[in-house]
Amino acid sequence: MRWRFTRPRSRRPGPPSEYALLPWLLLGLGSFSNLVQGETPNPWIGGLGLLVFNSLYISVVFRAFDRKARGSRATRWSLVALGVTTLALGAGYGGNWLLFFPLFGLACGSVMRGRNLVRVGVPLSATAAAVSAYHDGWGAISIAYGTFISMMVTAAILTLSETVAELHDTRQELARSAVEGERLRFSRDLHDLLGHTLSVIVVKAQAARRLAPRDADASLAQVTDIESIGRQALTEIREAVTGYREGSLVADLDRARSALSAAGIEPVVRRSGPPPGRRAEALFGWVVREAVTNAVRHSSATRCVITVECAPDHARVTVTDDGVGVRSAALAAPASLASLASPDSQAPRASWGGTGLTGLTERLAAAGGSLTTSPAAPPADGGFRVTATLPVDAAR
């Protein structure tokens, strides 16, 4: 015999159904009994009043669970008509008909919220007490109390249930946002890591191919660098996947020097001031990676200057090359990796950006910083400059 276990379905928290308020109509059975037994004068009027009350009560209750319909004019007029019917039946017949006052209070509590409860609840309870005292003497206390309590408790329960439902929706939305943020982080990190690493590998492979016929030792050194870069990239990708990657600006600057030298670009690194904090080092490392990758892939530059400065109120990294500069066209999508494989391909400088530039801007903006790009020598449109700035609080 095989046993099958099924996981119980989780019910979404929220306000109770409108059907939960319908059983309270059983309070009107006493009035109906009086009609059937002939104890009510003018039974046709009483029967018509009972039908009108039940119809209006059901209409108001069903509208109360629709947020848009609850505040509509039709709901308000239905509630007024229900109140007039309740007052007429209670004042005209008394006895069991007075129980319609607590039912009317329950209908008011399902529709009203906030200050309107007090504004309506107190006069309604006083009216119920006066009508009940006329017919039943001291029994008016229980009718007035039941009217007030039914109104307040119903409103409190429904308000609490709606709040729980909103909190549940908010928690789900926060969970979705967290998942989307993690996906964005992963795709951005993977793009930045692979874009920089593959560019350096392509450049070093080209250098090894050029050096192989005339200098085997130098070519072997380039191949060794390719192996080292590949291993380091694997480690960084694993760390990016787990979310524990902490950048080292010194290591990124060393890799930038190596990549620029392999591409035939003279690297110049300048540092001033105290070292930035760990978070600033990680952010500046991403900037150096992207800017150097841009220079290697697109600039045709001969010299690239990387400047890191830490002042009392800010930290800044600037990467400037003397390449072809920025075309007047807007930044488009990044060049394909296929174009990098060709030694003779020269993708336009305007092709840098897209995911890389957007990712850097988002990273720095999240830390309160900024990223700017401009020609290195305006207005001649010569060279290219990338500047990343962080306030001192974020930098340290």
# chains A, B, ... in the order shown; residues from 1 in each chain; ligands from 1
$ closest_atom_pairs --of "region 154-194 of chain A" --to "region 216-235 of chain A" --cutoff "12 Å" --atoms "only C-alpha atoms" --output "JSON lines"
{"residue": "A:Asp189", "atom": "CA", "partner": "A:Ala233", "partner_atom": "CA", "distance": 11.6}
{"residue": "A:Leu190", "atom": "CA", "partner": "A:Ala233", "partner_atom": "CA", "distance": 10.1}
{"residue": "A:His191", "atom": "CA", "partner": "A:Ala233", "partner_atom": "CA", "distance": 11.9}
{"residue": "A:Asp192", "atom": "CA", "partner": "A:Ala233", "partner_atom": "CA", "distance": 10.9}
{"residue": "A:Leu193", "atom": "CA", "partner": "A:Ala233", "partner_atom": "CA", "distance": 7.2}
{"residue": "A:Leu194", "atom": "CA", "partner": "A:Ala233", "partner_atom": "CA", "distance": 7.6}
$ write_last_selection --atoms "N, CA, C and O atoms" --output "PDB file, in the first residue's frame"
ATOM      1  N   ASP A 189      28.033  42.208 -12.125  1.00  0.00           N
ATOM      2  CA  ASP A 189      29.371  41.745 -11.754  1.00  0.00           C
ATOM      3  C   ASP A 189      29.947  40.827 -12.819  1.00  0.00           C
ATOM      4  O   ASP A 189      31.136  40.920 -13.165  1.00  0.00           O
ATOM      5  N   LEU A 190      29.111  39.935 -13.338  1.00  0.00           N
ATOM      6  CA  LEU A 190      29.600  39.000 -14.347  1.00  0.00           C
ATOM      7  C   LEU A 190      30.017  39.736 -15.614  1.00  0.00           C
ATOM      8  O   LEU A 190      31.037  39.417 -16.224  1.00  0.00           O
ATOM      9  N   HIS A 191      29.233  40.736 -15.996  1.00  0.00           N
ATOM     10  CA  HIS A 191      29.597  41.514 -17.184  1.00  0.00           C
ATOM     11  C   HIS A 191      30.928  42.229 -16.989  1.00  0.00           C
ATOM     12  O   HIS A 191      31.813  42.186 -17.836  1.00  0.00           O
ATOM     13  N   ASP A 192      31.056  42.906 -15.840  1.00  0.00           N
ATOM     14  CA  ASP A 192      32.278  43.679 -15.607  1.00  0.00           C
ATOM     15  C   ASP A 192      33.500  42.777 -15.494  1.00  0.00           C
ATOM     16  O   ASP A 192      34.577  43.093 -16.031  1.00  0.00           O
ATOM     17  N   LEU A 193      33.345  41.654 -14.802  1.00  0.00           N
ATOM     18  CA  LEU A 193      34.484  40.748 -14.645  1.00  0.00           C
ATOM     19  C   LEU A 193      34.899  40.137 -15.976  1.00  0.00           C
ATOM     20  O   LEU A 193      36.073  40.173 -16.351  1.00  0.00           O
ATOM     21  N   LEU A 194      33.944  39.587 -16.705  1.00  0.00           N
ATOM     22  CA  LEU A 194      34.279  38.918 -17.958  1.00  0.00           C
ATOM     23  C   LEU A 194      34.713  39.903 -19.030  1.00  0.00           C
ATOM     24  O   LEU A 194      35.605  39.611 -19.823  1.00  0.00           O
TER      25      LEU A 194
END
$ closest_atom_pairs --of "region 91-189 of chain A" --to "region 79-86 of chain A" --cutoff "7 Å" --atoms "only C-alpha atoms" --output "JSON lines"
{"residue": "A:Phe100", "atom": "CA", "partner": "A:Thr86", "partner_atom": "CA", "distance": 5.9}
{"residue": "A:Phe101", "atom": "CA", "partner": "A:Thr86", "partner_atom": "CA", "distance": 6.3}
{"residue": "A:Phe104", "atom": "CA", "partner": "A:Gly83", "partner_atom": "CA", "distance": 6.7}
$ write_last_selection --atoms "all heavy atoms" --output "short mmCIF file (atom, residue, chain, number, x, y, z; two decimals), in the first residue's frame"
data_model
loop_
_atom_site.label_atom_id
_atom_site.label_comp_id
_atom_site.auth_asym_id
_atom_site.auth_seq_id
_atom_site.Cartn_x
_atom_site.Cartn_y
_atom_site.Cartn_z
N PHE A 100 -32.51 44.76 15.13
CA PHE A 100 -31.98 45.26 13.86
C PHE A 100 -30.98 46.40 14.08
O PHE A 100 -30.18 46.70 13.17
CB PHE A 100 -33.12 45.73 12.95
CG PHE A 100 -33.92 44.61 12.37
CD1 PHE A 100 -35.29 44.55 12.54
CD2 PHE A 100 -33.29 43.59 11.66
CE1 PHE A 100 -36.04 43.52 12.01
CE2 PHE A 100 -34.04 42.54 11.13
CZ PHE A 100 -35.40 42.50 11.30
N PHE A 101 -31.02 47.03 15.24
CA PHE A 101 -30.03 48.09 15.52
C PHE A 101 -28.61 47.52 15.59
O PHE A 101 -27.70 48.07 14.96
CB PHE A 101 -30.38 48.82 16.82
CG PHE A 101 -31.44 49.87 16.64
CD1 PHE A 101 -32.73 49.66 17.10
CD2 PHE A 101 -31.14 51.08 16.01
CE1 PHE A 101 -33.71 50.63 16.93
CE2 PHE A 101 -32.12 52.06 15.85
CZ PHE A 101 -33.41 51.83 16.31
N PHE A 104 -27.58 46.76 12.08
CA PHE A 104 -27.22 47.98 11.35
C PHE A 104 -25.83 48.47 11.78
O PHE A 104 -25.05 48.95 10.96
CB PHE A 104 -28.27 49.06 11.59
CG PHE A 104 -27.95 50.37 10.92
CD1 PHE A 104 -27.83 50.46 9.54
CD2 PHE A 104 -27.76 51.52 11.68
CE1 PHE A 104 -27.53 51.67 8.93
CE2 PHE A 104 -27.47 52.73 11.08
CZ PHE A 104 -27.35 52.80 9.70
#
$ select_by_dssp --residues "region 45-280 of chain A" --states "alpha helix (DSSP H)" --output "number ranges by chain"
A: 45-64, 67-70, 73-93, 100-111, 115-136, 140-211, 216-242, 249-262, 278-280
$ residues_around --residues "Phe384 (chain A)" --least-positions-apart "5" --cutoff "6 Å" --atoms "only C-alpha atoms" --output "compact mmCIF listing (two decimals) with all heavy atoms, in the first residue's frame"
# COMPACT_ATOMS: atom_id res chain seq x y z
N THR A 320 42.60 58.67 -17.66
CA THR A 320 42.68 59.52 -18.84
C THR A 320 43.61 58.88 -19.86
O THR A 320 44.70 58.43 -19.50
CB THR A 320 43.20 60.92 -18.48
OG1 THR A 320 42.41 61.46 -17.41
CG2 THR A 320 43.13 61.85 -19.67
N ASP A 321 43.17 58.84 -21.12
CA ASP A 321 44.05 58.35 -22.18
C ASP A 321 44.13 59.40 -23.28
O ASP A 321 43.35 60.35 -23.32
CB ASP A 321 43.55 57.01 -22.73
CG ASP A 321 42.19 57.12 -23.39
OD1 ASP A 321 42.05 57.85 -24.38
OD2 ASP A 321 41.24 56.46 -22.92
N GLY A 325 39.44 59.68 -28.63
CA GLY A 325 38.44 60.55 -28.05
C GLY A 325 37.03 60.03 -28.24
O GLY A 325 36.79 58.92 -28.71
N PRO A 375 35.71 64.30 -22.90
CA PRO A 375 36.97 64.32 -23.65
C PRO A 375 38.12 64.76 -22.75
O PRO A 375 37.95 65.58 -21.84
CB PRO A 375 36.71 65.32 -24.77
CG PRO A 375 35.22 65.44 -24.86
CD PRO A 375 34.70 65.20 -23.48
N ALA A 376 39.29 64.20 -23.00
CA ALA A 376 40.45 64.56 -22.18
C ALA A 376 40.95 65.95 -22.50
O ALA A 376 41.55 66.61 -21.66
CB ALA A 376 41.56 63.54 -22.38
$ residues_around --residues "region 119-131 of chain A" --least-positions-apart "2" --cutoff "12 Å" --atoms "only C-alpha atoms" --output "number ranges by chain"
A: 79-80, 83-84, 86-95, 97-109, 111-117, 133-153, 155
$ atom_distance --atom1 "CA of Thr154 (chain A)" --atom2 "CA of Ser110 (chain A)"
6.1 Å
